[in-house]
Each structure stands twice: as structure tokens, then as C-alpha cells.
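Since the structure comes first, as C-alpha cells, the remarks are kept for the end.
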Amino acid sequence: LSWDPRLNICSDSLSLSLSPSPVNPGCFLRKRVRLSAMAKVFEAADASNLMTELRMSFDAGVTRSYEWRVSQLKKLQVICDNHEPEIVSALHDDLGKPELESSVYEVALLRNSIKLALKQLKNWMAPDKAKTSLTTFPASAEIVSEPLGVVLVISAWNYPFLLSIDPVIGAISAGNAVVLKPSELAPASSSLLAKLLEQYLDPSAVRVIEGAVTETTLLLEQKWDKIFYTGSSKIGRIIMMAAAKHLTPVVLELGGKSPVVIDSDTNLKITVKRIIAGKWGCNNGQACISPDYILTTKEYAPKVIDAMKQELEAFYGKNPMESKDMSRIVNSNHFDRLSKILEEKEVSDKIVYGGQKNRDNLKIAPTIFLDVPLDSLIMSEEIFGPLLPILTVITICHSILDCFIDLVFMSDIHSCSAQLNNLEECFDVIRSRPKPLAAYLFTQNQKLKERFAMTVSAGGIVVNDIAVHLSLPTLPFGGVGESGMGSYHGKFSFDAFSHKKAVLYKSFIGDAAIRYPPYSRGKLRLLKALVNSNLVEVFKVLLDMNFGC
């Protein structure tokens, strides 16, 4: 497998395209040296052999013991503790990430996940007692969490360490053998992941396969016990098609257009700071739960824009293109995609802040738009970059929430606003449209908070902040509808890679003749009473029943 720094391999479109090399060619030089040292190309036979070896390890029980799981989790902890500078450097090579973002949003979050798994693993592994009924008396029952087997994790480039290792923590905690396929769009991170996991983890049960479309395709042809994918909905559909061939279950962590609603009854200064931190302070908008657009009233929009301009300058200076506190665009393909969105005639005319870009450095300044057309590219696809449109509505609905639902889920705001006369109609509109991965609301109005949480369907809802639910292991993280399926984080990660096996222990004592032929009306009455757990009827039937019939 050779590497040409002029060749940009884009798994987002499952195609190979020639484009100029991204910035920081030193990263690609290291990658080229590493790949050129590899003896052979990853082929179909290699994928098959890989699966066979991992299946043998799993079937031999290598991964099932508590001790093995703890040992692997502790080694992941060592990686985070001893190799943080290397991780930060790789993330800077791939994305120009500031050290703070790398250390806090990737390494620190991973440490927390590992610590929680180590602390709670015995409890997670312990069977859960289940109630029994008269039908099975005398008996006991429990729910046993058993590992699925051999699982595949396909991770994304925007948070290449967090989104690679976090699912692996869940897979290992649950007792599975696992293959990690990191994204080739973050080559320095992919190379480091392969090196560190090979160095520290048990190679008989944990493997890393680097590569691009060919390698991913060969892996998907194998029969896995679960596939965990993080990325775009377009590739998510391809993953599901491959999984369907073997009836393999999947977890799909996708994306969507995550909206932000700003009510006039809010602390505007804090609101704007949190939006900026959740948009440009999280990999420069290249995050699946990044705000995709803002919705507020026409009267309040100027205040929002002025506050955002002021805080953006305070955060990133008068020339944000020179700021060291903001990530760059991942590569030239994504830069060109964002440029196309930015330069669309109906959209470029709506810029109220920013708009500067530099293809040589893969930099785009924070850019705010006001009232872009709803049928424009920026409103029809996930942005995944530093562009943020603000849409305004006329306050003729019952509340700003009605307006929010109006814009998110209807194509014609004017006709919709006139039609939305009650909450029930809002429910119908929401159910008819794709659901976002996250939805955000800023308000001090308690009733508005409650209505938002009850009527807006999304992977997650956050009120008065952005993206912080990601860091809370007691909450499931995942999408709904086209924004994904399945969830993880904390125990939800353990459950995602476990089968909940029902186990019933029955005694030979108390074997009842009524369950066996020949059947009678009396047996029928008694069995119906037992199934319905109706003790009164059971005693009544027993008194009336003639067992000689």
C-alpha cells in the first residue's frame, strides 16, 4: 500500500479523486514512510483470515473474562496517559486542532469513559434479576449480558481518537473481539492509532486495519456480529446494505441539520458565547452535533448578529484567519464543497459577517448569513464547517417554538405559519420530516422549554447550551430516523455491544399435569387463570375442577 501526497482519498463519497495535497505535508511524509514499509496490500484473503483468527480467539473465550476486559481497558488508559503529546500532535497535523480542543474534547473524554468502565464493569456484567409469574412457579429468572462476538468499528475523521476508541471501550467492556477501521482522511491519527493499539492491546482480539475504500469494502464483505459506524448518512446507507447481507445489526452515528432556537427571553451574551463555542470552538463546525443554523424572530435577529460579531472578535481577533485557536478544514475536497455552498449566488448575498477563505491554508473564516433561501444548498445539506445561517420568522405563531417547527419541517414558512393553529398540527409536521441529531433552545421561559422537549423529536435536546450532552455518560448519545440508530456512551456503550440473554431456571418440583394432554375444560380454565395471574380464579377453578373429566 503506497501513499502519494497528491492523492486525496475520500471515503465520504467512496471514490478516489486527485487533488492538491493538504497543508502540512510533513504529516503525509510520515504516513508515506509508514505505509511503504508495509509488506503487502490488504486483500480479500487477508480480510477472511483476520475474521477467522478473531473468531477463534472469541470462541476460545479469550475476551469473556472480567480480568481480560479490565487489562485491555487499563492499557487504553496508559495510551491516554503516556501518549497525549503524540495524540495532540497528530490531531494538529490532520486538522490543525488547538491543543485545548485535542486534550479536552478527545483525550480527557476518553479518560473519563475508561475510568467509568473500569469502575462499573462488574455491575454491568452482573446478571439482572427478573420477576417470574405463577405460570413458571417455582422458578427464577435473570437477564445475562453476553458479548456479541466479533465486531467492526468504522470511525470518522473529525474526532479521530474519540470516535475510534470510545466505541472500542464499549466493545471491549462487553467482551467482544474488535476490528477498528480509522478514517484515512486523518492519516496521522490513523497511523498513530494503529501503532499504539498494536503496541498495547491483545492482538489476538483487537486489530486495526488502515486504508481507504478498498480496505473498508473488503471488511464489509465479512460476517460481523455488529457494525458500529460514525459518519455521513450517505455512507450509512451503504453500511446497512452490506450488513443486511448477513443480517448483521448496526449502530449508525450519523448527522443532520441541528437547529438552534433563540428566544428573546434569554441571556444573550451567554447564549452567543455558548453557540460560538459549540460551533467554531468544536473543530470549526466539523462536528455532527454542531449548530447548523439559528432560528429567531425578525425583531431579535439584529441583536443576535451584533452580539455574535462582538464575541467572535473577542474569541478569534479581528482577523480570525490568523487565529491559532481554530481548526482548519480537513482537506481540499471539503474546502471546495464548503466554498460551493458559500459562493452560491442567493447565499453569498446574505453574508453579514466573515466570508474570507484561503484554499492554500484550508482556512475559512467564521461566516454568518441572514435569511438565506430555504431551498439553497446551505439549508438542504449538512454544512459541517464554519458557516452559520440565521433564519428569521415573523411572530405570528403561538410561540417561537411554533415558528421553529414551521421552518425546520416545512418548505414554505408563510403558508405554514398561517396553518399552524394548534400544537397537534405541529406534531404532524414534525413526524413528516427527517429528525436532526441534536436540537438546541435558548430561553428562560419554562413553558417553552417543556414544549420544546415534548414536541421536537431529535437524537438529543439541549436547553441553554450546545453539545454538552455528549460529555454526560448517563445519557445515551445517538440519532433517530435519518440522523442514526442505536446509541452509546457509558453503560449504553456496553449495552450496544451486548446481547441481553433471557435465562430461566426451573425446578423439577411442582410439575403440574394440567399442562399436558389430554386437555379438558377444567385444565383450560386453570391455565387461563394462571397465565392471567388471577389467584382468586385459580382457587375457584381448583375447587370446582373435576380432574376425572
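Residues are named by chain letter and number: chains run A, B, ... in the order of the C-alpha cells, numbers start at 1 in each chain, and ligands are numbered from 1 in the order shown.
If you count only C-alpha atoms and ignore residues fewer than 5 places along the chain from Asn534 (chain A), what sits within 12 Å of it is Ser133, Leu134, Thr135, Arg525, Leu526, Leu527, Lys528, Ala529, Phe539, Lys540 and Val541 of chain A.
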Write to file, as a CSV table (one decimal), in the first residue's frame, the residues of the selection just made, with C-alpha atoms.
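File result09.csv, as written:
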chain,number,residue,atom,x,y,z
A,133,SER,CA,-45.0,-15.5,37.5
A,134,LEU,CA,-47.4,-18.2,38.6
A,135,THR,CA,-47.1,-19.8,35.2
A,525,ARG,CA,-59.9,-22.7,32.9
A,526,LEU,CA,-57.0,-23.2,35.3
A,527,LEU,CA,-54.3,-22.4,32.7
A,528,LYS,CA,-56.1,-19.2,31.7
A,529,ALA,CA,-56.3,-18.2,35.4
A,539,PHE,CA,-58.6,-21.2,43.7
A,540,LYS,CA,-62.1,-21.1,42.3
A,541,VAL,CA,-61.2,-23.4,39.5
Query raised in the report: Got a sec: who's within 7 Å of Asp371 (chain A), counting only C-alpha atoms, leaving out chain neighbours fewer than 3 positions off, as a PyMOL selection string?
Result: chain A and resi 350+390-392
Report task. Based on DSSP run over this structure's backbone, return all residues of region 208-385 of chain A in alpha helix (DSSP H), as a PyMOL selection string. Result -> chain A and resi 213-220+233-244+268-279+301-316+332-343+345-348+377-380
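Each of A:Asn445, A:Pro203, A:Ile341, A:Ser145 was compared to Lys501 (chain A) using only C-alpha atoms, and A:Ser145 turns out to be the nearest.
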Query raised in the report: Given the choices A:Ser173, A:Ser483, A:Ser65, A:Asn361, which gets closest to Phe497 (chain A) if the distance is worked out from only C-alpha atoms?
Result: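 Among the listed residues, A:Ser173 lies closest to Phe497 (chain A).
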Identify, on the basis of only C-alpha atoms, every residue whose closest approach to Pro291 (chain A) does not exceed 7 Å; exclude the query and any residue fewer than 2 positions from it along the same chain; express the result as a PDB file with N, CA, C and O atoms, in the first residue's frame.
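Saved the output as out.pdb:
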ATOM      1  N   SER A 258     -28.649  20.312  12.671  1.00  0.00           N
ATOM      2  CA  SER A 258     -29.045  20.574  14.058  1.00  0.00           C
ATOM      3  C   SER A 258     -29.382  22.049  14.242  1.00  0.00           C
ATOM      4  O   SER A 258     -28.511  22.914  14.081  1.00  0.00           O
ATOM      5  N   PRO A 259     -30.628  22.362  14.590  1.00  0.00           N
ATOM      6  CA  PRO A 259     -31.061  23.760  14.699  1.00  0.00           C
ATOM      7  C   PRO A 259     -30.855  24.337  16.091  1.00  0.00           C
ATOM      8  O   PRO A 259     -30.788  23.611  17.082  1.00  0.00           O
ATOM      9  N   VAL A 260     -30.762  25.651  16.133  1.00  0.00           N
ATOM     10  CA  VAL A 260     -30.694  26.396  17.392  1.00  0.00           C
ATOM     11  C   VAL A 260     -31.812  27.427  17.390  1.00  0.00           C
ATOM     12  O   VAL A 260     -31.903  28.244  16.469  1.00  0.00           O
ATOM     13  N   LYS A 279     -19.983  25.797  18.013  1.00  0.00           N
ATOM     14  CA  LYS A 279     -19.859  25.799  16.547  1.00  0.00           C
ATOM     15  C   LYS A 279     -18.386  25.870  16.149  1.00  0.00           C
ATOM     16  O   LYS A 279     -17.792  24.886  15.726  1.00  0.00           O
ATOM     17  N   ILE A 289     -22.779  17.255  15.834  1.00  0.00           N
ATOM     18  CA  ILE A 289     -23.778  17.941  16.651  1.00  0.00           C
ATOM     19  C   ILE A 289     -23.548  19.444  16.673  1.00  0.00           C
ATOM     20  O   ILE A 289     -24.098  20.161  17.508  1.00  0.00           O
ATOM     21  N   TYR A 293     -27.883  25.826  11.908  1.00  0.00           N
ATOM     22  CA  TYR A 293     -28.485  27.130  11.639  1.00  0.00           C
ATOM     23  C   TYR A 293     -29.212  27.617  12.878  1.00  0.00           C
ATOM     24  O   TYR A 293     -29.527  26.843  13.787  1.00  0.00           O
TER      25      TYR A 293
END
Query raised in the report: If you run DSSP on the backbone, which residues of region 48-284 of chain A are strand (DSSP E or B), as a PyMOL selection string?
Result: chain A and resi 128-130+139-147+150-154+177-181+206-208+226-230+250-253+258-262
Region 55-127 of chain A near region 189-201 of chain A within 9 Å: what's each residue's closest atom pair and its distance in Å to one decimal, counting only C-alpha atoms, ordered by chain then ascending residue number, as a tab-separated table?
residue	atom	partner	partner_atom	distance
A:Ser71	CA	A:Leu201	CA	8.8
A:Gln72	CA	A:Leu201	CA	6.0
A:Leu73	CA	A:Leu201	CA	8.9
A:Lys75	CA	A:Tyr200	CA	6.0
A:Leu76	CA	A:Tyr200	CA	7.6
A:Val78	CA	A:Tyr200	CA	8.5
A:Ile79	CA	A:Leu196	CA	7.0
A:His83	CA	A:Leu196	CA	8.7
A:Glu86	CA	A:Leu192	CA	8.0
A:Ile87	CA	A:Ser189	CA	7.2
A:Ser89	CA	A:Ser189	CA	8.9
A:Ala90	CA	A:Ser189	CA	5.2
A:Leu91	CA	A:Ser189	CA	6.3
A:Asp93	CA	A:Ser189	CA	8.4
A:Asp94	CA	A:Ser189	CA	7.1
Report task. Measure the distance from CA of Val151 (chain A) to CA of Met485 (chain A) in Å and round it to one decimal. Result -> 16.6 Å
Query - Selection: 9 Å around region 160-168 of chain A, only C-alpha atoms, excl. self and same-chain fewer than 4 positions, as a VMD selection string - result: chain A and resid 76 87 91 105 to 107 109 to 110 113 to 114 153 to 156 172 to 173 178 to 183 186 189 to 190 193 228 230 488 to 489 493 497
**Report entry** Residue among A:Glu43, A:Glu311, A:Glu450, A:Asp292 lying closest to Ile378 (chain A), counting only C-alpha atoms
**Finding:**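 Closest residue, counting only C-alpha atoms: A:Asp292.
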